[in-house]
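The structure appears right after this line, and notes come after that.
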4 protein chains.
Amino acid sequence: MSVSPFDHPILSGLLGDPETAVLFSPHSELAGMLDFEAALAEAEAAEGLFPSEVAKDIVSGLADIPLDHGALALGVGRDGVVIPGLLRQLRAGLPERARPWLHHGATSQDAIDTSLSLRLLKAGAILRGRLGAVIAALDALAARDGALETMAHTRMQAAIQVPAARKILSWRDPLARHLARLDAAMADVGLLHFGGAAGTLEKLGDKGREVGQRMATRLGLALPERPRHSERDGIAALASWLSLVTGSLGKLGQDLALLAQSEVAEVRIAGGGGSSAMPHKVNPVGAEVLVSLARFNATLAGGIHQAQVHENERSGAAWTLEWMLLPQMVVATGAALSTAEALVRATSFARDE
Amino acid sequence: MSVSPFDHPILSGLLGDPETAVLFSPHSELAGMLDFEAALAEAEAAEGLFPSEVAKDIVSGLADIPLDHGALALGVGRDGVVIPGLLRQLRAGLPERARPWLHHGATSQDAIDTSLSLRLLKAGAILRGRLGAVIAALDALAARDGALETMAHTRMQAAIQVPAARKILSWRDPLARHLARLDAAMADVGLLHFGGAAGTLEKLGDKGREVGQRMATRLGLALPERPRHSERDGIAALASWLSLVTGSLGKLGQDLALLAQSEVAEVRIAGGGGSSAMPHKVNPVGAEVLVSLARFNATLAGGIHQAQVHENERSGAAWTLEWMLLPQMVVATGAALSTAEALVRATSFARDE
Amino acid sequence: MSVSPFDHPILSGLLGDPETAVLFSPHSELAGMLDFEAALAEAEAAEGLFPSEVAKDIVSGLADIPLDHGALALGVGRDGVVIPGLLRQLRAGLPERARPWLHHGATSQDAIDTSLSLRLLKAGAILRGRLGAVIAALDALAARDGALETMAHTRMQAAIQVPAARKILSWRDPLARHLARLDAAMADVGLLHFGGAAGTLEKLGDKGREVGQRMATRLGLALPERPRHSERDGIAALASWLSLVTGSLGKLGQDLALLAQSEVAEVRIAGGGGSSAMPHKVNPVGAEVLVSLARFNATLAGGIHQAQVHENERSGAAWTLEWMLLPQMVVATGAALSTAEALVRATSFARDE
Amino acid sequence: MSVSPFDHPILSGLLGDPETAVLFSPHSELAGMLDFEAALAEAEAAEGLFPSEVAKDIVSGLADIPLDHGALALGVGRDGVVIPGLLRQLRAGLPERARPWLHHGATSQDAIDTSLSLRLLKAGAILRGRLGAVIAALDALAARDGALETMAHTRMQAAIQVPAARKILSWRDPLARHLARLDAAMADVGLLHFGGAAGTLEKLGDKGREVGQRMATRLGLALPERPRHSERDGIAALASWLSLVTGSLGKLGQDLALLAQSEVAEVRIAGGGGSSAMPHKVNPVGAEVLVSLARFNATLAGGIHQAQVHENERSGAAWTLEWMLLPQMVVATGAALSTAEALVRATSFARDE
């Protein structure tokens, strides 16, 4: 089954990005939730909420208990979230004494959003590296072809000749700025989510903060002053950043497609795509794909912004909408960066002959 | 891998719809393209462009030649479309004499868009049936509970009591109108796409129209007066229709979630979801999902409308954008209709006691 | 003040359309509401709800009572809708006996949505005429230049020569289909809205239907079987249609901008725009504006689809969102059609020399 | 004429914000362009490109020459930008010797984008102040009502009691984060745009950088290393920020509308709106408007992200799209902040009695 091109065994050859996509596999998602539950058990035991043997039971259970994905799917269809069904399966595999302490004081959103935090940090690191690689490719292009004169175009008309370097830098500089913006975006999502039923950790007495600090340290996440279940600005800011990146790459792609037009021929893109009807053509496939991914992310970013209207302490509707949009945006950005690097490396400006 | 919840082994328990999703599987997509190629070969042979034995070679080859999806993925990554790689594999499996006649006079978009047409007609039939089922469920609800008095709310405030039937009909009537609109939407997409490289069927001499008519008849598609490669209004009109449907169902979901609030309790939804932190709660999961799916489709519909700006005779950028959005919209609509039917059947209005 | 370019004394020279914009002026809006109130009074008197002298008082009062727009603005800031403040002003100007009967049995949304219906029908007539004019301009272009050979481009690369007529028809045919779709769109919005507080006309006893029929006849609107206050599919279907139209025109504009590129020069657009820095350039301003308007409407269409999630019997939030989006979409469509006609009339295909 | 509610003499009573709207009036726009031209003339004279008397002619001419807006509208309709027509009017009013030096070396986009920079900085200052005011209002609410117990709701169901302070802080904290994000957003747009025809300032010889520095100092703008005509990330980042703000306020509005429901009554909003049909109702108008404005900005933000695909050295299409969207987003944000402050000040949590 492959409704999304990112999951599609064939189309993912064009649009996919396995390295970021794997962060959104069921395995990765569940692993993040289990990491949350293990960190929670250890922290609660360390704070004396229950014996450390119980925490050991839980941690080793989480590592070993096999999960039935089909039953989890049934559970999520009923509960709207995977956690109740997951806990049922885990509890059945735990020793009696540990069962009541699994997930103690936490709520579904704590585990689910924390799992997302862990994976978004990984995604951020991947995207950071790729942004650097695209910048390096553009620098190499500028070093080789930057002194060539090329035609600038304004409002779809030839304007004046400019050095290719001017054009290349107009593609590069926004990427450097996106790199600078990434720290803030990551700081807003690399958070432990831990609030319990309604954000008050009411079942942990006066130990809530200490438990949270232990968990955050162990998971490599920041602990916000208060849980942010219903405050989705970090997610919306990240989505905006993703669409900034793909937007800049879409501009690069659009420019290359325009410059590579048969009649313009200011750049040559090596190894373009073939046509089933016109074998003589060389299509600027990567350049076009960058435009598609830019418009895709621009579209979905609007939906994530809609999801900020997250009613009350937890909105099933708005939160589920994020699940439908954000992973695709991350993978689209990963795919765009890889495509852009390859495209830039295949590009050369025309030399007068 | 499962970037999209529709492809996700677990989340699809909440958001998926296997019956429509399968229409967008690689198998279904390729099957539609092979149907196109078979119909093309038979029609061209019938019009005397080559011997009928060649057509037989092609038709039986299409049925038998095993396809290497991994190689197709590599091909689509290079060519932007699957057809050149697919033809390479098919030609290698055909007898020598048939190879040049496979795909004769056609272009990639002919096969790909026709495959989509075939599958959208199937999707339309599924959605039509489900719309009827939701309407029937609402009619049953009105028959049972319609005479009960329930509170109307305007601008988020209690207004006056109305019969539940009034409310139920406000959910039902738009669905009946969507059913009436579906014929036009299907007529706009149930088309044979057949134009060759630039829409002129220049390789078929004066036989283009006749070949097209034979193909359309065999495939159960309409033959437009001129090929519509670059005219995407049918796709955008269908996307609009899909979002109309999910929008109306989102309104139903939002209303039910509001009416089922603990403090309002005008309706009861049986079998709602459980909470990991608060076992006493019954969450209106299906109602919330309808809102999520409505906002999802409303978001993506905007992207499909962007893709109408389809430059020249064929835009890689705009066309690829459709691939990223339209299948998800169809499946979201399928999921919303199934969810709505179950939700309505689980709903009862409160009786005064 | 002119936040929107459609209202802007200078930018409206590029993007405006006075003929459709005037339909959304405060004067037009209020006139539509007053027409509603007059029709209501006459119909209620004709059905014996009050003496015909009272109706005469109301009708002549509506024609004569001067309105204080500043006070209306204060009222809408408080009430969210203009009607309560408008009724206050009107009642103060009516004879004592008529005051209680003004707006009898109706609600704000009845008057506001009916006013919109009246103006959307006028907009539809204007847009219909302009669609015809663009089609006529394209037919004239095809008659003059259709036999010229021009280069087709697929995936941003020159493909093969085709007759210009092929290209022109790919711009024209979608417009003809939009014209055919307009009837259904207008039928969905050309409706009397009349339901009272919660859609049940409870204050009119058994006369509600008869009053509605009289009003509909007088106002030239259709009377739906039930009031549709909370059923926004007609609005969303119209918004979709508007964006279909501008999308097709955006494709035309994009194509012309590409064909008019200095290096391509397949078409010439007479009277293009000047540049402050490069007087030698002729910019394809109208062509670019069509792309802008297409992307603008595609964006806003998504927002109207969001507004379908119209909670309960009347949603202040979703309804107000329509007010912010729909008028701009109508005017953008009007502007795009005018721009397109002028652009097509200024376009000629290149003749080989 | 008032297609947009922000320009509408009546609806602006509900949705308008005169203080930010005035920044987008023709007068303000032109004033910013004239400031650019004056700064340019003075800087060029100071760098010895022409005598200082010429600069004085220009500066005093800019202050005095009356502008014919009707002629400017005609010009923008022809040229796509106002500058060529504006320069014609200005030159006609200048002494002969100064005419060729007006706008020397600059391009339309330099003046238009710099005018926007100047006004966005002012908008930023206004929005910053208002964010502070909403935060202060929430702090006051927390100080007064924070200790009251109120019902938390998750997934549209009552969950557990929490102190009102918890809820209020979940509205406040995102606003404090938006305030912290504003500096970066302003740094990305508070820029001098100065590049000449294609970004290379080719007419200024080796004086381009010096002239730019003088201009930036005089105008209070930052001078980027290279002109950013075609790099729209700053605009898209600002649009994202605006939608973050309105998204958080939309969440506040949605929450208050839900808490103020007749059946829930956890908060009371003083001075709500009246209904024409049900005088007993008090509608939470401001709360609903916040939701409308959030969804409006979320919609338009997607369009600004589309406009990042800004082709070549200057895209008429993408740039014009920004003009159609960004001013409305700024004013929507201004309106949302004012509405939110008033709403919070009118809100009180319920006390048990």
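In the structure tokens, each chain is lettered A, B, ... as it comes, each chain's residues begin at 1, and ligands are numbered from 1 in order of appearance.
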
- request: Provide as a VMD selection string the residues of chain D at most 7 Å from chain B, counting only C-alpha atoms.
  value: chain D and resid 155 to 158 257 261 to 264 283

File dump, residues just selected, N, CA and C atoms, as a short mmCIF file (atom, residue, chain, number, x, y, z; two decimals), in the first residue's frame:
data_model
loop_
_atom_site.label_atom_id
_atom_site.label_comp_id
_atom_site.auth_asym_id
_atom_site.auth_seq_id
_atom_site.Cartn_x
_atom_site.Cartn_y
_atom_site.Cartn_z
N ARG D 155 -9.67 16.10 24.55
CA ARG D 155 -10.49 15.47 23.51
C ARG D 155 -11.97 15.79 23.69
N MET D 156 -12.26 17.02 24.00
CA MET D 156 -13.64 17.51 24.08
C MET D 156 -14.44 16.87 25.21
N GLN D 157 -13.76 16.36 26.20
CA GLN D 157 -14.45 15.79 27.36
C GLN D 157 -13.85 16.37 28.63
N ALA D 158 -14.67 16.58 29.63
CA ALA D 158 -14.18 17.03 30.92
C ALA D 158 -13.16 16.01 31.44
N ALA D 257 -14.26 30.49 23.83
CA ALA D 257 -15.60 30.20 23.30
C ALA D 257 -16.12 28.88 23.87
N GLN D 261 -19.36 28.47 26.79
CA GLN D 261 -20.61 27.87 26.35
C GLN D 261 -21.63 27.88 27.50
N SER D 262 -22.88 28.06 27.14
CA SER D 262 -23.94 28.13 28.16
C SER D 262 -23.85 26.98 29.14
N GLU D 263 -23.61 25.77 28.63
CA GLU D 263 -23.64 24.58 29.48
C GLU D 263 -22.34 24.40 30.26
N VAL D 264 -21.28 25.03 29.83
CA VAL D 264 -19.99 24.84 30.47
C VAL D 264 -19.75 25.94 31.50
N ASN D 283 -23.16 36.61 22.91
CA ASN D 283 -22.26 35.86 22.04
C ASN D 283 -20.80 36.23 22.28
#

Selection: 9 Å around stretch 37-44 of chain A, only C-alpha atoms, excl. self and same-chain fewer than 2 positions, as a VMD selection string
chain A and resid 32 to 35 46 to 52 54 to 56 58 to 60 62 101 to 104 106 111 204 207 to 208 210 to 216 218 to 219

Only N, CA and C atoms, please: the residues just picked out, written as a short mmCIF file (atom, residue, chain, number, x, y, z; two decimals), in the first residue's frame.
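Listing of selection.cif after writing:
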data_model
loop_
_atom_site.label_atom_id
_atom_site.label_comp_id
_atom_site.auth_asym_id
_atom_site.auth_seq_id
_atom_site.Cartn_x
_atom_site.Cartn_y
_atom_site.Cartn_z
N GLY A 32 10.58 5.26 20.28
CA GLY A 32 10.61 6.52 21.03
C GLY A 32 9.67 6.48 22.22
N MET A 33 8.52 5.88 22.04
CA MET A 33 7.57 5.79 23.17
C MET A 33 8.12 4.88 24.26
N LEU A 34 8.73 3.79 23.86
CA LEU A 34 9.31 2.88 24.85
C LEU A 34 10.47 3.56 25.58
N ASP A 35 11.25 4.35 24.87
CA ASP A 35 12.31 5.13 25.54
C ASP A 35 11.71 6.05 26.60
N ALA A 46 14.01 6.38 40.93
CA ALA A 46 15.10 7.17 41.54
C ALA A 46 14.55 8.20 42.50
N GLU A 47 13.34 8.65 42.25
CA GLU A 47 12.72 9.62 43.17
C GLU A 47 11.91 8.92 44.27
N GLY A 48 12.02 7.60 44.31
CA GLY A 48 11.41 6.89 45.43
C GLY A 48 9.93 6.61 45.30
N LEU A 49 9.40 6.75 44.09
CA LEU A 49 7.97 6.49 43.95
C LEU A 49 7.67 5.00 43.99
N PHE A 50 8.64 4.19 43.61
CA PHE A 50 8.49 2.74 43.72
C PHE A 50 9.88 2.13 43.72
N PRO A 51 10.00 0.86 44.11
CA PRO A 51 11.32 0.24 44.25
C PRO A 51 12.06 0.16 42.91
N SER A 52 13.36 0.19 42.96
CA SER A 52 14.14 0.18 41.72
C SER A 52 13.99 -1.15 40.99
N VAL A 54 11.23 -2.64 40.46
CA VAL A 54 10.08 -2.43 39.56
C VAL A 54 10.53 -1.73 38.29
N ALA A 55 11.37 -0.72 38.45
CA ALA A 55 11.87 -0.01 37.27
C ALA A 55 12.66 -0.97 36.39
N LYS A 56 13.45 -1.84 37.04
CA LYS A 56 14.21 -2.80 36.23
C LYS A 56 13.28 -3.74 35.46
N ILE A 58 10.38 -3.05 34.42
CA ILE A 58 9.77 -2.29 33.31
C ILE A 58 10.77 -2.11 32.18
N VAL A 59 11.98 -1.69 32.51
CA VAL A 59 12.97 -1.43 31.47
C VAL A 59 13.28 -2.70 30.69
N SER A 60 13.44 -3.81 31.41
CA SER A 60 13.78 -5.02 30.64
C SER A 60 12.55 -5.53 29.89
N LEU A 62 10.25 -3.62 28.51
CA LEU A 62 10.11 -2.77 27.31
C LEU A 62 11.06 -3.23 26.21
N TRP A 101 2.77 0.32 37.78
CA TRP A 101 3.74 1.44 37.76
C TRP A 101 4.16 1.85 36.36
N LEU A 102 3.89 1.00 35.39
CA LEU A 102 4.19 1.38 34.00
C LEU A 102 3.37 2.62 33.64
N HIS A 103 4.03 3.64 33.07
CA HIS A 103 3.31 4.84 32.59
C HIS A 103 2.72 5.64 33.76
N HIS A 104 3.22 5.39 34.96
CA HIS A 104 2.63 6.01 36.16
C HIS A 104 2.66 7.54 36.09
N ALA A 106 1.71 9.49 33.84
CA ALA A 106 1.84 10.09 32.50
C ALA A 106 0.54 9.95 31.72
N ALA A 111 3.95 10.46 26.04
CA ALA A 111 4.78 9.47 25.36
C ALA A 111 4.86 9.73 23.87
N LEU A 204 1.96 12.76 40.80
CA LEU A 204 3.34 12.63 41.28
C LEU A 204 3.62 13.45 42.53
N LYS A 207 6.94 15.44 43.36
CA LYS A 207 8.12 14.90 42.67
C LYS A 207 8.11 15.16 41.16
N GLY A 208 7.06 15.80 40.66
CA GLY A 208 6.91 15.94 39.22
C GLY A 208 8.13 16.57 38.55
N GLU A 210 11.24 16.92 39.59
CA GLU A 210 12.46 16.12 39.69
C GLU A 210 12.42 14.94 38.72
N VAL A 211 11.29 14.29 38.65
CA VAL A 211 11.17 13.18 37.70
C VAL A 211 11.42 13.69 36.29
N GLY A 212 10.80 14.80 35.96
CA GLY A 212 10.98 15.38 34.63
C GLY A 212 12.45 15.69 34.35
N GLN A 213 13.14 16.24 35.32
CA GLN A 213 14.55 16.59 35.08
C GLN A 213 15.39 15.34 34.80
N ARG A 214 15.15 14.30 35.56
CA ARG A 214 15.88 13.04 35.32
C ARG A 214 15.58 12.50 33.92
N MET A 215 14.31 12.54 33.56
CA MET A 215 13.93 12.02 32.25
C MET A 215 14.58 12.83 31.13
N ALA A 216 14.50 14.14 31.26
CA ALA A 216 15.06 15.01 30.22
C ALA A 216 16.55 14.74 30.04
N ARG A 218 18.24 12.03 30.76
CA ARG A 218 18.47 10.73 30.15
C ARG A 218 18.13 10.71 28.66
N LEU A 219 17.10 11.43 28.29
CA LEU A 219 16.64 11.38 26.89
C LEU A 219 17.33 12.42 26.01
#

Margin query: Could you go through stretch 6-206 of chain A and tell me which residues DSSP, when run on the backbone, assigns to helix (DSSP H, G or I), listing them as a ChimeraX atom specification?
Written below: /A:12-15,18-24,26-46,52-64,69-79,83-93,96-101,108-145,164-189,202-206

Could you work out how far atom CA of C:Ile112 lies from atom CA of C:Gly316, giving the answer in Å with one decimal?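 These atoms are spaced 12.7 Å apart.
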
Exercise for review: Would you kindly return, as a ChimeraX atom specification, each protein, DNA or RNA residue with an atom no farther than 9 Å from any atom of D:Asp7, considering only C-alpha atoms and excluding same-chain residues fewer than 3 positions away?
Suggested key: /C:1-4,7 /D:1-4,10-12,16,18,21

- Pick the closest to B:Gly220 from B:Lys122, B:Arg97, B:Arg166, B:His8: which is it, counting only C-alpha atoms?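 Looking at the shortest contact to B:Gly220, the residue is B:Lys122.
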
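Backbone DSSP of stretch 41-212 of chain B yields strand (DSSP E) at Glu149, Thr150, Met151, Ala152, His153, Thr154, Gln157, Ala158, Ala159, Ile160, Gln161, Val162 and Pro163 of chain B.
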
message = Could you check the closest approach to B:Met186 for each of B:Ala98, B:Arg172, B:Ala236, B:Lys203 and tell me which residue wins, using only C-alpha atoms?
response =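 Smallest distance to B:Met186 is found for B:Ala236.
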
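Minimum atom-to-atom distances from D:Leu30, D:Ala133, D:Leu15, D:Leu293 to D:Ala176 were compared using only C-alpha atoms, and the lowest value belongs to D:Ala133.
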
inquiry  = For D:Leu72, find every residue with an atom within 9 Å (counting only C-alpha atoms), except residues of its own chain fewer than 3 positions away, and show them as an MDAnalysis selection string.
reply    = (chainID C and resid 9:11 13) or (chainID D and resid 67:69 75:77 82:86 89)

Could those selected residues go to a file with N, CA, C and O atoms, as a short mmCIF file (atom, residue, chain, number, x, y, z; two decimals), in the first residue's frame?
data_model
loop_
_atom_site.label_atom_id
_atom_site.label_comp_id
_atom_site.auth_asym_id
_atom_site.auth_seq_id
_atom_site.Cartn_x
_atom_site.Cartn_y
_atom_site.Cartn_z
N PRO C 9 -6.26 52.47 -4.26
CA PRO C 9 -6.46 53.42 -5.37
C PRO C 9 -5.40 53.29 -6.46
O PRO C 9 -5.69 53.61 -7.61
N ILE C 10 -4.20 52.86 -6.11
CA ILE C 10 -3.16 52.75 -7.14
C ILE C 10 -3.03 51.31 -7.63
O ILE C 10 -3.14 51.03 -8.82
N LEU C 11 -2.82 50.37 -6.72
CA LEU C 11 -2.61 48.98 -7.13
C LEU C 11 -3.82 48.40 -7.84
O LEU C 11 -3.69 47.46 -8.64
N GLY C 13 -5.21 49.61 -10.12
CA GLY C 13 -4.97 49.79 -11.55
C GLY C 13 -4.37 48.55 -12.18
O GLY C 13 -4.52 48.31 -13.38
N LEU D 67 1.40 64.44 -6.26
CA LEU D 67 1.31 63.21 -7.06
C LEU D 67 -0.14 62.97 -7.50
O LEU D 67 -1.07 63.16 -6.71
N ASP D 68 -0.27 62.54 -8.72
CA ASP D 68 -1.59 62.25 -9.28
C ASP D 68 -1.82 60.73 -9.17
O ASP D 68 -1.27 59.96 -9.95
N HIS D 69 -2.62 60.33 -8.18
CA HIS D 69 -2.81 58.90 -7.93
C HIS D 69 -3.50 58.20 -9.11
O HIS D 69 -3.23 57.03 -9.39
N GLY D 75 -0.39 53.84 -14.58
CA GLY D 75 0.99 53.39 -14.79
C GLY D 75 1.21 51.99 -14.25
O GLY D 75 1.83 51.15 -14.90
N VAL D 76 0.70 51.72 -13.07
CA VAL D 76 0.91 50.42 -12.48
C VAL D 76 0.17 49.34 -13.29
O VAL D 76 0.64 48.20 -13.39
N GLY D 77 -0.93 49.72 -13.88
CA GLY D 77 -1.65 48.78 -14.74
C GLY D 77 -0.84 48.41 -15.97
O GLY D 77 -0.94 47.30 -16.49
N VAL D 82 4.68 50.60 -9.66
CA VAL D 82 4.31 52.00 -9.68
C VAL D 82 5.49 52.91 -10.04
O VAL D 82 5.29 54.07 -10.44
N ILE D 83 6.71 52.40 -9.94
CA ILE D 83 7.87 53.30 -10.01
C ILE D 83 8.02 54.03 -11.35
O ILE D 83 8.22 55.26 -11.34
N PRO D 84 7.92 53.38 -12.49
CA PRO D 84 8.11 54.15 -13.72
C PRO D 84 7.16 55.35 -13.81
O PRO D 84 7.59 56.46 -14.13
N GLY D 85 5.89 55.12 -13.48
CA GLY D 85 4.93 56.22 -13.52
C GLY D 85 5.25 57.27 -12.47
O GLY D 85 5.11 58.49 -12.72
N LEU D 86 5.67 56.84 -11.33
CA LEU D 86 6.02 57.79 -10.26
C LEU D 86 7.22 58.64 -10.68
O LEU D 86 7.23 59.87 -10.48
N GLN D 89 6.23 61.39 -13.08
CA GLN D 89 5.63 62.56 -12.42
C GLN D 89 6.67 63.38 -11.68
O GLN D 89 6.67 64.61 -11.73
#
